[in-house]
file query-v4.tsv (TSV, C-alpha atoms)
chain	number	residue	atom	x	y	z
A	1	MET	CA	-19.40	-22.08	5.87
A	2	ILE	CA	-19.49	-21.02	9.52
A	3	ASP	CA	-22.67	-18.99	8.93
A	4	VAL	CA	-24.53	-21.86	7.24
A	5	CYS	CA	-27.10	-23.18	9.70
A	6	PRO	CA	-26.08	-26.69	10.84
A	7	LYS	CA	-29.72	-27.56	11.51
A	8	CYS	CA	-31.71	-26.39	8.47
A	9	GLY	CA	-28.91	-25.50	6.02
A	10	ASN	CA	-29.94	-21.85	5.69
A	11	ALA	CA	-27.03	-20.19	3.88
A	12	ALA	CA	-28.58	-16.74	3.46
A	13	TRP	CA	-26.69	-13.70	4.71
A	14	GLY	CA	-28.19	-11.39	7.29
A	15	LYS	CA	-28.11	-13.65	10.32
A	16	LYS	CA	-27.91	-12.09	13.74
A	17	VAL	CA	-24.57	-12.41	15.49
A	18	ALA	CA	-24.17	-11.71	19.21
A	19	GLY	CA	-20.67	-12.14	20.56
A	20	ASN	CA	-19.45	-15.42	19.09
A	21	VAL	CA	-22.93	-16.91	18.56
A	22	ILE	CA	-24.87	-16.99	15.26
A	23	PHE	CA	-28.67	-17.20	15.21
A	24	CYS	CA	-30.68	-18.71	12.34
A	25	PRO	CA	-33.86	-16.71	11.59
A	26	GLU	CA	-35.42	-19.68	9.81
A	27	CYS	CA	-35.32	-22.45	12.43
A	28	GLY	CA	-34.11	-20.67	15.57
A	29	ALA	CA	-30.91	-22.69	15.86
A	30	GLN	CA	-27.82	-21.07	17.32
A	31	TRP	CA	-24.19	-22.07	17.23
A	32	GLU	CA	-20.80	-20.73	18.26
A	33	PHE	CA	-17.83	-19.75	16.14
A	34	LEU	CA	-14.31	-18.51	16.79
A	35	LYS	CA	-14.29	-14.70	16.68
A	36	LEU	CA	-10.87	-13.18	16.00
A	37	PRO	CA	-9.48	-9.81	14.85
A	38	LEU	CA	-9.06	-8.94	11.18
A	39	PHE	CA	-5.85	-7.12	10.22
A	40	VAL	CA	-5.29	-5.01	7.11
A	41	VAL	CA	-1.91	-3.69	5.95
A	42	ALA	CA	-2.66	-0.72	3.71
A	43	GLY	CA	-0.67	1.84	1.76
A	44	ALA	CA	0.00	3.31	-1.65
A	45	SER	CA	1.00	1.25	-4.65
A	46	GLY	CA	4.71	0.46	-4.50
A	47	VAL	CA	5.19	1.28	-0.82
A	48	GLY	CA	5.84	-2.37	0.06
A	49	LYS	CA	2.54	-3.85	1.31
A	50	THR	CA	2.80	-7.16	-0.48
A	51	THR	CA	6.55	-7.49	0.11
A	52	THR	CA	6.06	-6.83	3.82
A	53	VAL	CA	3.19	-9.28	4.16
A	54	GLN	CA	5.18	-11.89	2.22
A	55	ALA	CA	8.03	-11.48	4.70
A	56	LEU	CA	5.51	-11.74	7.53
A	57	GLN	CA	4.16	-14.94	6.01
A	58	ARG	CA	7.61	-16.51	6.11
A	59	THR	CA	8.14	-15.87	9.82
A	60	ALA	CA	4.84	-15.35	11.67
A	61	ARG	CA	3.07	-18.71	11.72
A	62	ASP	CA	0.28	-17.45	13.98
A	63	PHE	CA	-1.36	-15.46	11.17
A	64	VAL	CA	-2.81	-16.30	7.74
A	65	CYS	CA	-1.44	-13.77	5.24
A	66	MET	CA	-3.17	-12.88	1.97
A	67	ASP	CA	-3.16	-10.20	-0.73
A	68	ALA	CA	-6.49	-8.58	-1.66
A	69	ASP	CA	-5.31	-8.19	-5.26
A	70	PHE	CA	-6.20	-11.81	-5.94
A	71	LEU	CA	-9.86	-10.87	-5.48
A	72	TYR	CA	-9.61	-9.00	-8.78
A	73	ASN	CA	-9.30	-12.39	-10.44
A	74	ILE	CA	-12.62	-13.64	-9.08
A	75	MET	CA	-14.69	-10.46	-8.67
A	76	PRO	CA	-15.55	-7.60	-11.06
A	77	HIS	CA	-14.28	-4.15	-10.12
A	78	GLU	CA	-15.97	-1.64	-12.39
A	79	ASN	CA	-17.66	0.51	-9.75
A	80	GLU	CA	-17.96	1.08	-6.02
A	81	ASP	CA	-20.62	-1.61	-5.63
A	82	ASP	CA	-18.11	-4.14	-6.95
A	83	TYR	CA	-15.54	-3.04	-4.36
A	84	MET	CA	-18.15	-3.53	-1.63
A	85	ALA	CA	-18.74	-7.04	-2.95
A	86	GLN	CA	-14.99	-7.63	-2.80
A	87	SER	CA	-14.95	-6.48	0.81
A	88	GLU	CA	-17.69	-8.96	1.62
A	89	GLN	CA	-15.76	-11.75	-0.09
A	90	MET	CA	-12.66	-10.79	1.89
A	91	ALA	CA	-14.68	-10.98	5.10
A	92	LEU	CA	-16.21	-14.31	4.04
A	93	LEU	CA	-12.82	-15.88	3.38
A	94	SER	CA	-11.37	-14.41	6.58
A	95	ARG	CA	-14.06	-15.61	8.97
A	96	ASN	CA	-13.86	-19.13	7.63
A	97	ILE	CA	-10.06	-19.22	7.64
A	98	MET	CA	-10.02	-17.93	11.21
A	99	GLN	CA	-11.78	-21.04	12.44
A	100	CYS	CA	-8.34	-22.69	12.43
A	101	GLY	CA	-7.45	-20.32	15.29
A	102	LYS	CA	-5.35	-17.83	13.34
A	103	PRO	CA	-6.29	-14.22	12.47
A	104	ALA	CA	-6.27	-13.18	8.81
A	105	VAL	CA	-3.91	-10.47	7.56
A	106	TRP	CA	-4.56	-8.78	4.23
A	107	ALA	CA	-2.42	-6.51	2.09
A	108	ARG	CA	-4.99	-4.05	0.68
A	109	ALA	CA	-4.46	-0.69	-0.97
A	110	GLY	CA	-7.76	1.14	-0.83
A	111	ASN	CA	-11.49	1.27	-0.14
A	112	LEU	CA	-10.72	1.09	3.56
A	113	GLY	CA	-13.95	2.87	4.40
A	114	MET	CA	-15.84	-0.27	3.37
A	115	LEU	CA	-14.16	-2.51	5.92
A	116	ASP	CA	-16.71	-1.81	8.65
A	117	GLN	CA	-19.72	-1.85	6.31
A	118	GLY	CA	-22.11	-4.61	5.31
A	119	TYR	CA	-22.55	-8.09	6.70
A	120	GLY	CA	-18.96	-9.21	7.25
A	121	PRO	CA	-17.70	-7.06	10.15
A	122	ARG	CA	-20.01	-8.71	12.71
A	123	PHE	CA	-17.83	-11.82	12.58
A	124	PHE	CA	-14.64	-10.12	13.83
A	125	SER	CA	-13.62	-9.07	17.32
A	126	GLY	CA	-12.09	-5.96	15.77
A	127	ILE	CA	-10.82	-4.62	12.43
A	128	TYR	CA	-7.36	-3.07	12.62
A	129	VAL	CA	-5.69	-1.13	9.80
A	130	LEU	CA	-2.01	-0.22	9.56
A	131	ALA	CA	-0.94	2.04	6.69
A	132	LEU	CA	2.64	1.73	5.49
A	133	THR	CA	4.28	4.96	4.36
A	134	CYS	CA	7.70	6.09	3.19
A	135	PRO	CA	9.35	9.29	1.91
A	136	GLU	CA	8.14	10.24	-1.56
A	137	GLU	CA	11.61	9.99	-3.09
A	138	GLU	CA	11.94	6.43	-1.83
A	139	LEU	CA	8.44	5.53	-3.03
A	140	ARG	CA	9.27	6.76	-6.52
A	141	ARG	CA	12.50	4.76	-6.48
A	142	ARG	CA	10.68	1.62	-5.36
A	143	MET	CA	8.16	2.00	-8.15
A	144	THR	CA	10.63	2.76	-10.94
A	145	GLN	CA	13.67	0.69	-9.95
A	146	GLY	CA	11.98	-1.96	-7.86
A	147	ARG	CA	8.87	-2.62	-9.94
A	148	GLY	CA	9.86	-1.16	-13.30
A	149	ILE	CA	6.88	1.21	-13.43
A	150	THR	CA	7.32	4.06	-15.91
A	151	ASP	CA	3.78	5.49	-16.16
A	152	PRO	CA	4.13	9.02	-14.70
A	153	GLU	CA	0.42	9.27	-13.83
A	154	TRP	CA	0.54	6.00	-11.88
A	155	ILE	CA	3.67	7.10	-10.04
A	156	GLN	CA	2.20	10.51	-9.21
A	157	SER	CA	-1.12	9.05	-8.02
A	158	SER	CA	0.77	6.68	-5.74
A	159	ALA	CA	2.86	9.55	-4.37
A	160	ASP	CA	-0.34	11.52	-3.70
A	161	TYR	CA	-1.95	8.54	-1.98
A	162	ASN	CA	1.14	7.98	0.15
A	163	ARG	CA	0.99	11.63	1.21
A	164	TRP	CA	-2.71	11.24	2.03
A	165	PHE	CA	-1.91	8.40	4.42
A	166	GLN	CA	0.75	10.55	6.06
A	167	GLU	CA	-1.72	13.38	6.62
A	168	HIS	CA	-4.87	11.53	7.70
A	169	GLU	CA	-6.06	9.05	10.32
A	170	TYR	CA	-9.48	8.06	9.00
A	171	ALA	CA	-10.87	6.64	5.75
A	172	ARG	CA	-14.64	7.23	5.75
A	173	GLY	CA	-14.78	6.72	9.48
A	174	VAL	CA	-12.41	3.74	9.59
A	175	ARG	CA	-9.42	4.71	11.69
A	176	PHE	CA	-5.94	3.54	10.75
A	177	GLN	CA	-2.49	3.83	12.23
A	178	ARG	CA	0.71	4.46	10.31
A	179	LEU	CA	4.06	2.74	10.11
A	180	ALA	CA	6.92	4.58	8.38
A	181	ILE	CA	9.00	1.91	6.65
A	182	GLY	CA	11.43	4.13	4.78
A	183	GLY	CA	14.87	2.54	4.99
A	184	LEU	CA	13.56	-0.69	6.52
A	185	SER	CA	14.15	-4.09	4.96
A	186	PRO	CA	11.07	-6.25	4.29
A	187	GLU	CA	12.02	-8.38	7.29
A	188	GLU	CA	12.32	-5.35	9.57
A	189	ALA	CA	8.98	-3.99	8.37
A	190	ALA	CA	7.37	-7.40	8.87
A	191	ARG	CA	8.64	-7.59	12.44
A	192	ALA	CA	7.19	-4.14	13.16
A	193	VAL	CA	3.83	-5.18	11.68
A	194	GLU	CA	3.83	-8.38	13.71
A	195	GLN	CA	4.58	-6.46	16.91
A	196	TRP	CA	1.70	-4.09	16.15
A	197	MET	CA	-0.72	-6.99	15.55
A	198	ARG	CA	0.28	-8.82	18.71
A	199	GLU	CA	-0.23	-5.65	20.70
A	200	LYS	CA	-3.73	-5.29	19.26
A	201	GLN	CA	-4.49	-8.89	20.15
A	202	LYS	CA	-3.33	-8.24	23.68
A	203	THR	CA	-5.15	-4.96	24.28
A	204	GLY	CA	-8.21	-5.37	22.08
A	205	GLU	CA	-7.95	-1.74	21.01
A	206	LYS	CA	-9.63	-0.69	17.78
A	207	ALA	CA	-6.99	1.80	16.74
call {"tool": "encode", "arguments": {"input": "query-v4.tsv", "output": "structure tokens"}}
result
Amino acid sequence: MIDVCPKCGNAAWGKKVAGNVIFCPECGAQWEFLKLPLFVVAGASGVGKTTTVQALQRTARDFVCMDADFLYNIMPHENEDDYMAQSEQMALLSRNIMQCGKPAVWARAGNLGMLDQGYGPRFFSGIYVLALTCPEEELRRRMTQGRGITDPEWIQSSADYNRWFQEHEYARGVRFQRLAIGGLSPEEAARAVEQWMREKQKTGEKA
């Protein structure tokens, strides 16, 4: 909605954005919007992304918390192009939600390299990614005992992905930081995530 021209109604994507001003290529109108950071809490399946963001939602009223999994209910996901479309929808929802004055926080597992691609990123003052990790033994316990997952391939792929986050800092050029949450309660992890986000808001750093 914020990128729909208030003068001629042009709703097409591809508008120029400079700072917090949008320019309509059809009629030349320009208008301001609230430009805020976008936060993503990443990590392997079962590590505790959703649980942590849920705990954050209960205590941090200055952020709007969401789970990217719900996009699977409204968008196809059969190939990489579909995931790019999901990233654009995530950006679309976020930039509109942010007009209430609160940054959006998403729990999102993968495709982090798409976060700075396409049309959406121009609407954010920065995109910040924090990957949650934990010891492999604890991850396996969380998946089997906590979530009741018994599929060995799923468990192993999650363990491999968790290890990848521990060993890397970039996903296709998108830099992320890590937070080891092994042994932390959801509330403790949420407080650590909130502290990280507030520091990013204060400093404006991109990593």
call {"tool": "atom_distance", "arguments": {"input": "query-v4.tsv", "atom1": "CA of Glu194 in chain A", "atom2": "CA of Gly101 in chain A"}}
result
16.5 Å
call {"tool": "atom_distance", "arguments": {"input": "query-v4.tsv", "atom1": "CA of Met66 in chain A", "atom2": "CA of Glu136 in chain A"}}
result
26.0 Å
call {"tool": "closest_residue", "arguments": {"input": "query-v4.tsv", "among": "A:Ala192, A:Ala104, A:Met90, A:Val4", "to": "Ala29 in chain A", "atoms": "all atoms listed in the file"}}
result
A:Val4
call {"tool": "closest_residue", "arguments": {"input": "query-v4.tsv", "among": "A:Phe63, A:Phe23, A:Phe123, A:Tyr83", "to": "Val105 in chain A", "atoms": "all atoms listed in the file"}}
result
A:Phe63
call {"tool": "residues_near_point", "arguments": {"input": "query-v4.tsv", "point": "(7.5, -5.6, 9.2)", "cutoff": "12 Å", "atoms": "only C-alpha atoms", "output": "JSON, numbers by chain"}}
result
{"A": [41, 48, 49, 50, 51, 52, 53, 54, 55, 56, 57, 58, 59, 60, 130, 131, 132, 179, 180, 181, 182, 183, 184, 185, 186, 187, 188, 189, 190, 191, 192, 193, 194, 195, 196, 197]}
call {"tool": "write_last_selection", "arguments": {"input": "query-v4.tsv", "atoms": "C-alpha atoms", "output": "compact mmCIF listing (two decimals), in the frame of the given file"}}
result
# COMPACT_ATOMS: atom_id res chain seq x y z
CA VAL A 41 -1.91 -3.69 5.95
CA GLY A 48 5.84 -2.37 0.06
CA LYS A 49 2.54 -3.85 1.31
CA THR A 50 2.80 -7.16 -0.48
CA THR A 51 6.55 -7.49 0.11
CA THR A 52 6.06 -6.83 3.82
CA VAL A 53 3.19 -9.28 4.16
CA GLN A 54 5.18 -11.89 2.22
CA ALA A 55 8.03 -11.48 4.70
CA LEU A 56 5.51 -11.74 7.53
CA GLN A 57 4.16 -14.94 6.01
CA ARG A 58 7.61 -16.51 6.11
CA THR A 59 8.14 -15.87 9.82
CA ALA A 60 4.84 -15.35 11.67
CA LEU A 130 -2.01 -0.22 9.56
CA ALA A 131 -0.94 2.04 6.69
CA LEU A 132 2.64 1.73 5.49
CA LEU A 179 4.06 2.74 10.11
CA ALA A 180 6.92 4.58 8.38
CA ILE A 181 9.00 1.91 6.65
CA GLY A 182 11.43 4.13 4.78
CA GLY A 183 14.87 2.54 4.99
CA LEU A 184 13.56 -0.69 6.52
CA SER A 185 14.15 -4.09 4.96
CA PRO A 186 11.07 -6.25 4.29
CA GLU A 187 12.02 -8.38 7.29
CA GLU A 188 12.32 -5.35 9.57
CA ALA A 189 8.98 -3.99 8.37
CA ALA A 190 7.37 -7.40 8.87
CA ARG A 191 8.64 -7.59 12.44
CA ALA A 192 7.19 -4.14 13.16
CA VAL A 193 3.83 -5.18 11.68
CA GLU A 194 3.83 -8.38 13.71
CA GLN A 195 4.58 -6.46 16.91
CA TRP A 196 1.70 -4.09 16.15
CA MET A 197 -0.72 -6.99 15.55
call {"tool": "residues_around", "arguments": {"input": "query-v4.tsv", "residues": "Gly146 in chain A", "least_positions_apart": "3", "cutoff": "12 Å", "atoms": "all atoms listed in the file", "output": "compact mmCIF listing (two decimals) with C-alpha atoms, in the coordinates of the input"}}
result
# COMPACT_ATOMS: atom_id res chain seq x y z
CA SER A 45 1.00 1.25 -4.65
CA GLY A 46 4.71 0.46 -4.50
CA VAL A 47 5.19 1.28 -0.82
CA GLY A 48 5.84 -2.37 0.06
CA THR A 51 6.55 -7.49 0.11
CA GLU A 138 11.94 6.43 -1.83
CA LEU A 139 8.44 5.53 -3.03
CA ARG A 140 9.27 6.76 -6.52
CA ARG A 141 12.50 4.76 -6.48
CA ARG A 142 10.68 1.62 -5.36
CA MET A 143 8.16 2.00 -8.15
CA ILE A 149 6.88 1.21 -13.43
CA THR A 150 7.32 4.06 -15.91
call {"tool": "decode", "arguments": {"input": "query-v4.tsv", "residues": "range 16-34 of chain A", "atoms": "C-alpha atoms", "output": "PDB file, in the first residue's frame"}}
result
ATOM      1  CA  LYS A  16      12.512   4.537  -7.544  1.00  0.00           C
ATOM      2  CA  VAL A  17      13.179   4.946  -3.841  1.00  0.00           C
ATOM      3  CA  ALA A  18      15.685   7.470  -2.509  1.00  0.00           C
ATOM      4  CA  GLY A  19      16.049   7.550   1.250  1.00  0.00           C
ATOM      5  CA  ASN A  20      12.490   7.506   2.571  1.00  0.00           C
ATOM      6  CA  VAL A  21      10.907   8.995  -0.566  1.00  0.00           C
ATOM      7  CA  ILE A  22       9.121   7.048  -3.330  1.00  0.00           C
ATOM      8  CA  PHE A  23       8.870   8.427  -6.870  1.00  0.00           C
ATOM      9  CA  CYS A  24       6.087   7.531  -9.315  1.00  0.00           C
ATOM     10  CA  PRO A  25       7.380   7.072 -12.897  1.00  0.00           C
ATOM     11  CA  GLU A  26       3.895   7.599 -14.323  1.00  0.00           C
ATOM     12  CA  CYS A  27       2.866  10.995 -12.940  1.00  0.00           C
ATOM     13  CA  GLY A  28       6.017  12.257 -11.218  1.00  0.00           C
ATOM     14  CA  ALA A  29       4.467  12.347  -7.756  1.00  0.00           C
ATOM     15  CA  GLN A  30       6.648  11.683  -4.730  1.00  0.00           C
ATOM     16  CA  TRP A  31       5.776  10.821  -1.166  1.00  0.00           C
ATOM     17  CA  GLU A  32       7.502   9.840   2.064  1.00  0.00           C
ATOM     18  CA  PHE A  33       7.286   6.630   4.036  1.00  0.00           C
ATOM     19  CA  LEU A  34       8.718   5.336   7.303  1.00  0.00           C
TER      20      LEU A  34
END
